Each structure stands twice: as structure tokens, then as C-alpha cells.
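Participant: Below is the file upload.txt, which contains compact mmCIF, C-alpha atoms.
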```
# COMPACT_ATOMS: atom_id res chain seq x y z
CA MET T 2 10.45 -5.05 -42.98
CA LYS T 3 8.35 -8.20 -42.85
CA ILE T 4 5.17 -9.18 -44.73
CA GLU T 5 2.53 -11.62 -43.52
CA TYR T 6 -0.27 -12.76 -45.82
CA ASP T 7 -3.45 -14.58 -44.80
CA LYS T 8 -5.01 -16.27 -47.85
CA GLU T 9 -8.26 -17.07 -46.04
CA VAL T 10 -9.14 -13.41 -45.51
CA ASP T 11 -6.98 -12.05 -48.37
CA ALA T 12 -5.20 -9.61 -46.08
CA ALA T 13 -1.55 -8.66 -45.85
CA TYR T 14 0.25 -6.90 -43.03
CA ILE T 15 3.52 -5.11 -43.69
CA TYR T 16 5.61 -4.69 -40.56
CA ILE T 17 7.74 -1.57 -40.91
CA ASP T 18 8.96 -1.93 -37.34
CA SER T 19 9.08 -5.56 -36.30
CA PRO T 20 8.06 -7.02 -33.95
CA ILE T 21 5.03 -5.02 -32.87
CA LYS T 22 4.12 -5.84 -29.28
CA ASP T 23 0.72 -5.58 -27.61
CA GLY T 24 0.06 -1.94 -26.82
CA ASP T 25 2.63 -0.56 -29.29
CA ILE T 26 -0.03 0.73 -31.70
CA LYS T 27 -1.36 4.04 -30.41
CA LYS T 28 -3.10 5.40 -33.53
CA THR T 29 -4.73 3.83 -36.57
CA ILE T 30 -5.67 5.72 -39.72
CA GLU T 31 -7.89 4.23 -42.41
CA LEU T 32 -6.72 5.67 -45.74
CA ASN T 33 -9.54 3.94 -47.59
CA GLU T 34 -11.63 0.80 -47.14
CA ASN T 35 -8.62 -1.43 -47.91
CA ILE T 36 -5.55 0.31 -46.46
CA ILE T 37 -5.02 0.87 -42.74
CA LEU T 38 -1.94 2.50 -41.19
CA ASP T 39 -0.73 1.81 -37.64
CA PHE T 40 1.43 4.28 -35.70
CA ASN T 41 3.27 4.07 -32.38
CA GLU T 42 3.28 6.66 -29.58
CA GLU T 43 5.92 8.73 -31.40
CA ASN T 44 3.63 8.86 -34.48
CA LYS T 45 6.08 6.61 -36.36
CA LEU T 46 4.51 4.30 -38.95
CA VAL T 47 5.00 0.73 -37.71
CA GLY T 48 2.63 -1.27 -39.91
CA ILE T 49 0.31 -1.27 -42.90
CA GLU T 50 -2.69 -3.58 -43.32
CA ILE T 51 -3.92 -4.21 -46.85
CA LEU T 52 -7.31 -5.84 -47.34
CA GLU T 53 -8.12 -7.56 -50.64
CA ALA T 54 -4.35 -7.82 -50.95
CA SER T 55 -4.37 -10.16 -53.95
CA LYS T 56 -5.98 -7.40 -56.02
CA VAL T 57 -3.25 -4.83 -55.35
CA LEU T 58 -0.04 -6.65 -54.44
CA ASN T 59 2.25 -8.60 -56.73
CA LYS T 60 1.81 -12.38 -56.41
CA GLU T 61 5.53 -12.77 -55.72
CA VAL T 62 5.21 -10.44 -52.72
CA LEU T 63 2.30 -12.47 -51.38
CA LYS T 64 4.30 -15.71 -51.69
CA THR T 65 7.02 -14.30 -49.46
CA GLY T 66 4.52 -13.30 -46.79
```
Could the structure of this file be written out as C-alpha cells, please?

Facilitator:
Amino acid sequence: MKIEYDKEVDAAYIYIDSPIKDGDIKKTIELNENIILDFNEENKLVGIEILEASKVLNKEVLKTG
């Protein structure tokens, strides 16, 4: 698992399956306005995008990203 954090847009991406190559994501589900799930062709969760990440994630987690 790998976490990337972009301070400028306050968004984090959690890679469950890393690396994700172009075309690997076959389905995206928006759980709510701030959490988006990405799945591959086998419907396996490969990544999670979290918008407004600083409001919901621990600051220590964001530092590692």
C-alpha cells in the first residue's frame, strides 16, 4: 500500500495495488462527494481517492504521502 498526498488540492490517493498503469481502472464508484473508489477489471479495489484529505486523515499519514 502506498499513499500520495497533494497539498495544493488537499487530495490523497491510497494505492491498494501499486503501481496502477494506464487502463487498469475499469470502474469508479463515488461513495460520497469526497471518497472515490477505483476497481480493476476483476472488480478488485486498487485505489481510493480522498478529497479534503486534511479534514479526515491523520496528519502523520499525510506526511508519509

Participant: So which one's closest to Ile49 of chain T, T:Ala12, T:Ile30, T:Val62, T:Ile37? Using only C-alpha atoms, please.

Facilitator: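 For Ile49 of chain T, the nearest of the given residues is T:Ile37.
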
Participant: Using all atoms listed in the file, which of T:Lys28, T:Ser19, T:Asn35, T:Met2 sits nearest Leu58 of chain T?

Facilitator: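 Among T:Lys28, T:Ser19, T:Asn35, T:Met2, it is T:Asn35 that comes nearest to Leu58 of chain T.
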
Participant: What is the atom CA of Ile17 of chain T to atom CA of Glu53 of chain T distance in Å?

Facilitator: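 Atom CA of Glu53 of chain T lies at a distance of 19.5 Å from atom CA of Ile17 of chain T.
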
Participant: Residues at most 7 Å from segment 50-52 of chain T, counting only C-alpha atoms, excluding those fewer than 2 positions away in the same chain, as an MDAnalysis selection string?

Facilitator: chainID T and resid 11:15 35:38 48 54

Participant: What does the distance between atom CA of Phe40 of chain T and atom CA of Asp7 of chain T come to in Å, to one decimal place?

Facilitator: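 Going from atom CA of Phe40 of chain T over to atom CA of Asp7 of chain T, I get 21.5 Å.
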
Participant: For Asp18 of chain T, which residue out of T:Asn59, T:Lys64, T:Glu31, T:Val47 is the nearest one, using all atoms listed in the file?

Facilitator: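 Nearest candidate to Asp18 of chain T out of T:Asn59, T:Lys64, T:Glu31, T:Val47: T:Val47.
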